[in-house]
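K.L.:
My file is model23.cif. It has mmCIF, C-alpha atoms:
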```
data_input
loop_
_atom_site.label_atom_id
_atom_site.label_comp_id
_atom_site.auth_asym_id
_atom_site.auth_seq_id
_atom_site.Cartn_x
_atom_site.Cartn_y
_atom_site.Cartn_z
CA MET A 1 97.10 108.33 126.45
CA GLU A 2 99.09 110.02 123.71
CA ASP A 3 98.44 108.64 120.23
CA GLN A 4 101.53 106.64 119.21
CA SER A 5 100.21 105.50 115.82
CA PRO A 6 102.34 106.14 112.73
CA ILE A 7 101.69 109.58 111.27
CA ALA A 8 99.78 110.51 108.13
CA MET A 9 100.26 114.17 107.23
CA VAL A 10 98.54 116.46 104.74
CA GLU A 11 100.19 119.82 104.11
CA PRO A 12 100.08 122.51 101.40
CA LEU A 13 103.07 122.33 99.07
CA ALA A 14 105.89 124.26 100.75
CA HIS A 15 109.30 125.24 99.43
CA GLY A 16 112.15 123.02 100.62
CA LEU A 17 112.29 119.89 102.77
CA MET A 18 108.82 118.71 103.78
CA ALA A 19 109.59 115.28 105.27
CA ASP A 20 112.78 113.42 106.15
CA PHE A 21 112.41 109.66 105.79
CA SER A 22 116.16 109.02 105.60
CA HIS A 23 115.99 106.85 108.73
CA THR A 24 113.56 104.36 107.15
CA THR A 25 114.42 101.08 105.42
CA HIS A 26 114.31 102.82 102.03
CA PRO A 27 115.90 106.22 102.78
CA SER A 28 114.02 109.05 101.09
CA SER A 29 113.44 112.79 101.50
CA VAL A 30 110.42 114.75 100.29
CA TYR A 31 110.68 118.30 98.96
CA GLY A 32 108.25 120.87 97.68
CA ILE A 33 109.03 123.57 95.18
CA THR A 34 106.80 126.64 95.18
CA LYS A 35 109.16 129.44 94.23
CA GLY A 36 112.58 130.07 92.75
CA THR A 37 115.16 127.31 92.81
CA LEU A 38 115.50 124.15 94.86
CA LEU A 39 118.99 122.66 95.22
CA LEU A 40 119.05 118.98 96.13
CA ASP A 41 122.43 118.15 97.66
CA LYS A 42 122.54 114.55 98.88
CA SER A 43 124.74 111.51 98.16
CA ALA A 44 125.35 110.89 101.85
CA ILE A 45 124.68 107.17 101.38
CA GLY A 46 126.02 106.14 97.97
CA ASP A 47 127.46 107.37 94.71
CA HIS A 48 124.02 108.09 93.29
CA ASP A 49 120.69 109.43 94.40
CA SER A 50 117.52 109.71 92.34
CA ALA A 51 114.92 112.49 92.11
CA TYR A 52 111.34 111.48 91.30
CA GLY A 53 108.97 114.38 90.72
CA VAL A 54 105.74 115.71 89.34
CA CYS A 55 104.89 119.24 88.22
CA TYR A 56 101.70 120.62 89.74
CA SER A 57 101.59 124.02 88.01
CA GLY A 58 103.75 126.26 85.86
CA ARG A 59 106.91 124.54 84.68
CA LEU A 60 109.90 122.93 86.35
CA GLU A 61 113.40 123.05 84.89
CA ILE A 62 115.55 120.16 86.12
CA SER A 63 119.34 120.12 85.77
CA THR A 64 122.09 117.84 87.06
CA GLY A 65 124.90 119.38 85.04
CA GLU A 66 124.78 116.30 82.80
CA HIS A 67 121.09 116.46 81.90
CA MET A 68 118.57 119.30 81.62
CA PHE A 69 114.89 119.24 80.73
CA VAL A 70 111.59 121.03 81.44
CA VAL A 71 108.25 119.53 82.54
CA GLY A 72 104.82 121.15 82.67
CA PRO A 73 101.59 120.59 84.63
CA GLY A 74 100.80 116.92 85.15
CA GLU A 75 104.16 115.82 83.72
CA TYR A 76 106.58 113.72 85.73
CA PHE A 77 110.17 112.52 85.77
CA SER A 78 112.88 110.47 87.41
CA ILE A 79 116.53 111.45 87.12
CA PRO A 80 119.72 110.03 88.66
CA PHE A 81 122.30 112.45 90.02
CA VAL A 82 125.60 112.53 91.85
CA LYS A 83 125.92 115.03 94.71
CA SER A 84 123.41 117.65 93.47
CA CYS A 85 120.38 118.33 91.32
CA MET A 86 118.90 121.80 90.69
CA ILE A 87 115.18 122.34 90.06
CA SER A 88 113.81 125.76 89.16
CA GLY A 89 110.16 126.77 89.07
CA ILE A 90 109.36 128.96 86.07
CA SER A 91 106.14 130.61 84.94
CA ASP A 92 103.92 129.01 82.34
CA ASN A 93 102.97 131.85 79.98
CA GLY A 94 102.27 134.13 82.91
CA ARG A 95 99.97 131.65 84.66
CA GLY A 96 101.99 131.28 87.84
CA GLU A 97 105.36 130.09 89.02
CA GLY A 98 106.38 126.45 88.77
CA MET A 99 105.27 124.21 91.65
CA GLY A 100 105.74 120.52 92.29
CA LEU A 101 106.64 117.65 94.58
CA ILE A 102 110.05 115.97 94.51
CA VAL A 103 111.16 112.80 96.31
CA VAL A 104 114.84 111.92 96.55
CA ARG A 105 115.45 108.18 96.90
CA GLU A 106 118.85 108.11 98.51
CA GLY A 107 121.59 105.66 97.50
CA PHE A 108 119.73 104.46 94.39
CA LYS A 109 120.36 105.09 90.68
CA CYS A 110 117.14 105.26 88.68
CA LEU A 111 116.68 105.32 84.92
CA MET A 112 116.11 108.76 83.45
CA ASN A 113 112.42 109.16 82.53
CA VAL A 114 110.24 112.07 81.43
CA GLY A 115 106.54 111.57 80.74
CA GLY A 116 103.03 112.89 80.81
CA PRO A 117 100.83 114.69 81.22
CA VAL A 118 98.91 112.13 83.24
CA GLU A 119 95.82 110.58 81.69
CA PRO A 120 92.42 111.31 83.28
CA PHE A 121 91.78 107.66 84.20
CA GLY A 122 93.92 104.85 85.55
CA ARG A 123 94.79 101.75 83.51
CA LEU A 124 94.87 99.32 86.46
CA LYS A 125 92.06 98.33 88.83
CA TYR A 126 92.87 99.24 92.45
CA ILE A 127 90.45 99.05 95.41
CA ASP A 128 86.97 100.40 96.18
CA GLY A 129 86.31 101.61 92.63
CA CYS A 130 89.63 103.47 92.26
CA SER A 131 92.13 103.00 89.44
CA ASP A 132 95.83 103.69 89.01
CA THR A 133 98.57 103.89 86.40
CA LEU A 134 102.21 102.94 86.88
CA LEU A 135 103.82 106.10 85.50
CA ILE A 136 107.45 105.13 86.17
CA GLY A 137 107.98 101.46 86.82
CA PRO A 138 110.80 99.70 88.69
CA PRO A 139 113.71 98.71 86.39
CA LEU A 140 114.16 95.73 88.70
CA ARG A 141 111.70 94.24 91.17
CA GLY A 142 112.19 96.00 94.50
CA ASP A 143 113.11 99.36 92.96
CA PRO A 144 111.00 102.55 93.44
CA CYS A 145 108.02 103.54 91.32
CA LEU A 146 105.78 106.53 90.66
CA ASN A 147 102.03 106.18 90.22
CA MET A 148 98.89 108.11 89.34
CA LEU A 149 95.79 107.34 91.39
CA ARG A 150 92.25 108.24 90.27
CA PHE A 151 89.29 108.51 92.67
CA PRO A 152 85.83 108.78 91.09
CA LYS A 153 83.20 110.74 92.98
CA GLY A 154 81.44 109.07 95.89
CA ILE A 155 84.32 106.84 97.03
CA ASP A 156 84.74 105.90 100.71
CA GLN A 157 88.01 103.98 100.71
CA THR A 158 88.72 101.04 103.03
CA ALA A 159 91.13 102.02 105.82
CA HIS A 160 94.56 100.54 105.17
CA THR A 161 98.32 100.88 105.66
CA HIS A 162 101.48 100.61 103.55
CA PRO A 163 104.68 98.90 104.75
CA THR A 164 106.88 101.75 103.49
CA ILE A 165 106.52 105.52 103.16
CA ARG A 166 104.25 107.17 100.61
CA ALA A 167 104.44 110.75 99.33
CA GLY A 168 102.22 112.43 96.78
CA VAL A 169 100.40 115.54 95.63
CA ILE A 170 96.78 116.19 94.68
CA LEU A 171 96.77 117.17 90.99
CA SER A 172 93.06 117.91 90.61
CA GLY A 173 89.75 117.52 92.41
CA ARG A 174 89.11 117.30 96.14
CA GLY A 175 88.68 114.76 98.90
CA VAL A 176 89.35 113.93 102.54
CA CYS A 177 92.14 111.88 104.11
CA ARG A 178 90.92 110.03 107.20
CA THR A 179 93.77 109.37 109.66
CA ALA A 180 94.34 108.41 113.29
CA GLN A 181 95.03 112.10 113.89
CA GLY A 182 91.71 113.22 112.36
CA ASP A 183 90.27 114.07 108.95
CA LYS A 184 92.33 116.29 106.66
CA ASP A 185 91.11 118.07 103.54
CA LEU A 186 92.75 117.15 100.24
CA VAL A 187 92.75 120.00 97.74
CA PRO A 188 94.75 120.67 94.57
CA GLY A 189 98.37 121.37 95.48
CA SER A 190 98.25 119.67 98.88
CA ALA A 191 100.85 117.01 99.66
CA PHE A 192 100.25 113.85 101.67
CA LEU A 193 103.11 112.24 103.58
CA LEU A 194 102.57 108.79 105.06
CA TYR A 195 104.96 107.13 107.48
CA PRO A 196 105.24 103.31 107.27
CA ASP A 197 102.13 101.59 108.64
CA ALA A 198 100.15 104.83 109.00
CA ILE A 199 96.48 103.90 108.82
CA HIS A 200 94.51 106.10 106.43
CA ALA A 201 91.70 106.18 103.88
CA PHE A 202 90.81 108.69 101.17
CA SER A 203 87.21 109.74 100.60
CA THR A 204 85.40 111.58 97.81
CA LEU A 205 81.91 111.02 99.25
CA ASP A 206 81.05 114.71 99.02
CA THR A 207 83.14 115.69 95.98
CA GLU A 208 83.34 115.08 92.24
CA GLY A 209 86.49 112.96 92.61
CA MET A 210 90.23 113.63 92.50
CA GLN A 211 93.48 112.65 90.87
CA LEU A 212 96.88 112.42 92.53
CA SER A 213 100.42 111.20 92.03
CA VAL A 214 102.19 109.04 94.60
CA PHE A 215 105.77 107.82 95.08
CA HIS A 216 106.61 104.35 96.44
CA PRO A 217 110.23 103.84 97.58
CA ASP A 218 110.12 100.10 96.86
CA THR A 219 108.09 97.47 95.01
CA ASP A 220 107.28 93.77 95.19
CA THR A 221 106.43 93.44 91.51
CA GLY A 222 108.20 94.10 88.24
CA PRO A 223 110.96 92.38 86.26
CA SER A 224 113.61 90.21 87.85
CA HIS A 225 116.69 88.44 86.51
CA GLU A 226 114.65 85.24 86.41
CA ASP A 227 111.45 86.71 84.98
CA HIS A 228 111.33 89.49 82.40
CA PRO A 229 109.85 89.90 78.89
CA MET A 230 113.10 89.73 76.91
CA LEU A 231 114.09 86.47 78.62
CA ASN A 232 110.66 84.87 78.74
CA ARG A 233 109.87 85.50 75.08
CA THR A 234 113.20 84.25 73.74
CA ILE A 235 112.38 80.76 72.46
CA VAL A 236 114.88 78.00 71.68
CA ASP A 237 113.38 74.89 70.05
CA GLY A 238 110.01 75.72 71.57
CA VAL A 239 111.38 76.34 75.08
CA SER A 240 111.60 79.70 76.80
CA ALA A 241 115.14 80.82 77.66
CA LYS A 242 113.78 81.34 81.17
CA ASP A 243 113.87 77.55 81.53
CA ILE A 244 117.29 76.94 79.92
CA ASP A 245 119.84 77.62 82.63
CA ALA A 246 122.82 76.76 80.39
CA ILE A 247 122.33 79.85 78.20
CA ARG A 248 121.23 82.29 80.90
CA THR A 249 123.60 85.21 81.58
CA LYS A 250 125.32 84.60 84.90
CA GLU A 251 126.88 88.01 85.66
CA LEU A 252 126.16 91.58 84.62
CA GLU A 253 128.82 93.94 83.31
CA GLN A 254 129.38 96.93 85.59
#
```
How does this structure look as structure tokens?
P.N.:
Amino acid sequence: MEDQSPIAMVEPLAHGLMADFSHTTHPSSVYGITKGTLLLDKSAIGDHDSAYGVCYSGRLEISTGEHMFVVGPGEYFSIPFVKSCMISGISDNGRGEGMGLIVVREGFKCLMNVGGPVEPFGRLKYIDGCSDTLLIGPPLRGDPCLNMLRFPKGIDQTAHTHPTIRAGVILSGRGVCRTAQGDKDLVPGSAFLLYPDAIHAFSTLDTEGMQLSVFHPDTDTGPSHEDHPMLNRTIVDGVSAKDIDAIRTKELEQ
């Protein structure tokens, strides 16, 4: 019988569209940049789209006409754009052309962020001895996020799934991705593309460990209108504003 399980793919970074997840509940498209210029031309769903990305090598120059900035190896960004965003790979002092992974979250306006380079270890405990860092968090619970995931050597991860797509790139080190379609080598510069509910597990049993970035198109944690630091830590006569409905803002300006 043909295997009908959701797909987990591992591919070398390639220039242009690598995976089209626009039909999923959180429409997204995954692109690689390995040479020259990549033009992202979307906005088929709403007034805004958002590009989340990480530079693997060289440098990436990102421009929307309104904003322009450059990121280097291990640095990351999110940028909102209307209709188009241009990303150019440029050499880093002669050490190779800019390469990276970009995910467009369609119909969503992110906050503009630039950060990095990534730290060598995660700040949050994950599973099976791994750690992670929330590089770009959701402005509002439910919004997308970008993470760094660190695998020490000798890890054999528990097989698992995710309810929405995942897309990422190996930044350093090596490992194996175990999938329903077979084992796939994870090496620096390889991208992994996981459809919703694709069973998989990463292993560094025979390596010195690895570090990767990964995009999530949605979240179930983060601030909400009813629960966020500014609100919670505003105190009136010893009571948090979170618990005083009479003074809570009822509508947001647009």
K.L.:
Here is a test: counting only C-alpha atoms, which residue of A:Asp41, A:Glu106, A:Glu75, A:Glu11 is nearest to His23 (chain A)?
P.N.:
A:Glu106
K.L.:
Using all atoms listed in the file, which protein or nucleic acid residues come within 12 Å of Gly222 (chain A)? Drop anything in the same chain fewer than 3 positions from it, and give the result as a PyMOL selection string.
P.N.:
chain A and resi 134+136-145+218-219+225-229
K.L.:
How many Å lie between CA of His48 (chain A) and CA of Ser28 (chain A), rounded to one decimal?
P.N.:
12.7 Å
K.L.:
Run through the PyMOL selection byres ((chain A and resi 119) around 10) on the given coordinates and return the selected residues as an mmCIF file with C-alpha atoms, keeping the file's coordinate frame.
P.N.:
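Result file is expr.cif:
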```cif
data_model
loop_
_atom_site.group_PDB
_atom_site.id
_atom_site.type_symbol
_atom_site.label_atom_id
_atom_site.label_comp_id
_atom_site.auth_asym_id
_atom_site.auth_seq_id
_atom_site.Cartn_x
_atom_site.Cartn_y
_atom_site.Cartn_z
ATOM 1 C CA GLY A 74 100.800 116.920 85.150
ATOM 2 C CA GLY A 116 103.030 112.890 80.810
ATOM 3 C CA PRO A 117 100.830 114.690 81.220
ATOM 4 C CA VAL A 118 98.910 112.130 83.240
ATOM 5 C CA PRO A 120 92.420 111.310 83.280
ATOM 6 C CA PHE A 121 91.780 107.660 84.200
ATOM 7 C CA GLY A 122 93.920 104.850 85.550
ATOM 8 C CA ARG A 123 94.790 101.750 83.510
ATOM 9 C CA THR A 133 98.570 103.890 86.400
ATOM 10 C CA LEU A 135 103.820 106.100 85.500
ATOM 11 C CA MET A 148 98.890 108.110 89.340
ATOM 12 C CA ARG A 150 92.250 108.240 90.270
ATOM 13 C CA GLN A 211 93.480 112.650 90.870
#
```
K.L.:
With distances taken over all atoms listed in the file, which of A:Ile62, A:Ile199, A:Cys85, A:Val10 is nearest to Gly175 (chain A)?
P.N.:
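Smallest distance to Gly175 (chain A) is found for A:Val10.
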K.L.:
Calculate how many Å separate CA of Val30 (chain A) from CA of Ser131 (chain A), rounding to one decimal.
P.N.:
24.3 Å
K.L.:
From the set A:Ser88, A:Thr207, A:Ser63, A:Ser22, which residue has the shortest atom-to-atom contact distance to Gly173 (chain A), counting all atoms listed in the file?
P.N.:
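Answer, going by the shortest atom-to-atom distance: A:Thr207.
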K.L.:
Tell me, in Å to one decimal, how far CA of His67 (chain A) is from CA of Met18 (chain A).
P.N.:
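Answer for the CA of His67 (chain A) to CA of Met18 (chain A) separation: 25.2 Å.
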K.L.:
Give the centre and edge lengths of an axis-aligned box, in Å to one decimal, that holds all listed atoms of region 33-37 of chain A with 3 Å on each side, as JSON.
P.N.:
```
{"center_x": 111.0, "center_y": 126.8, "center_z": 94.0, "size_x": 14.4, "size_y": 12.5, "size_z": 8.4}
```
K.L.:
Have a look at A:Thr161, A:Tyr195, A:Asn147, A:Asp206 and name the one nearest to Arg174 (chain A); count all atoms listed in the file.
P.N.:
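Nearest candidate to Arg174 (chain A) out of A:Thr161, A:Tyr195, A:Asn147, A:Asp206: A:Asp206.
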K.L.:
Starting from the point (121.2, 116.0, 93.4), work out which residues of protein, DNA or RNA have an atom no more than 10 Å away when counting all atoms listed in the file; state them as a short mmCIF file (atom, residue, chain, number, x, y, z; two decimals) with C-alpha atoms, in the frame of the given file.
P.N.:
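The resulting file, result.cif, is shown below:
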```
data_model
loop_
_atom_site.label_atom_id
_atom_site.label_comp_id
_atom_site.auth_asym_id
_atom_site.auth_seq_id
_atom_site.Cartn_x
_atom_site.Cartn_y
_atom_site.Cartn_z
CA LEU A 39 118.99 122.66 95.22
CA LEU A 40 119.05 118.98 96.13
CA ASP A 41 122.43 118.15 97.66
CA LYS A 42 122.54 114.55 98.88
CA SER A 43 124.74 111.51 98.16
CA HIS A 48 124.02 108.09 93.29
CA ASP A 49 120.69 109.43 94.40
CA SER A 50 117.52 109.71 92.34
CA ALA A 51 114.92 112.49 92.11
CA SER A 63 119.34 120.12 85.77
CA THR A 64 122.09 117.84 87.06
CA GLY A 65 124.90 119.38 85.04
CA ILE A 79 116.53 111.45 87.12
CA PRO A 80 119.72 110.03 88.66
CA PHE A 81 122.30 112.45 90.02
CA VAL A 82 125.60 112.53 91.85
CA LYS A 83 125.92 115.03 94.71
CA SER A 84 123.41 117.65 93.47
CA CYS A 85 120.38 118.33 91.32
CA MET A 86 118.90 121.80 90.69
CA ILE A 87 115.18 122.34 90.06
CA VAL A 104 114.84 111.92 96.55
CA GLU A 106 118.85 108.11 98.51
#
```
K.L.:
Select, from A:Ala241, A:Val214, A:Ala180, A:Ala246, the residue with the minimum atom-to-atom distance to Pro6 (chain A), counting all atoms listed in the file.
P.N.:
A:Ala180
K.L.:
A:Ile127, A:Met68, A:Ile170, A:Met210: which is nearest Ala191 (chain A), counting all atoms listed in the file?
P.N.:
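Among the listed residues, A:Ile170 lies closest to Ala191 (chain A).
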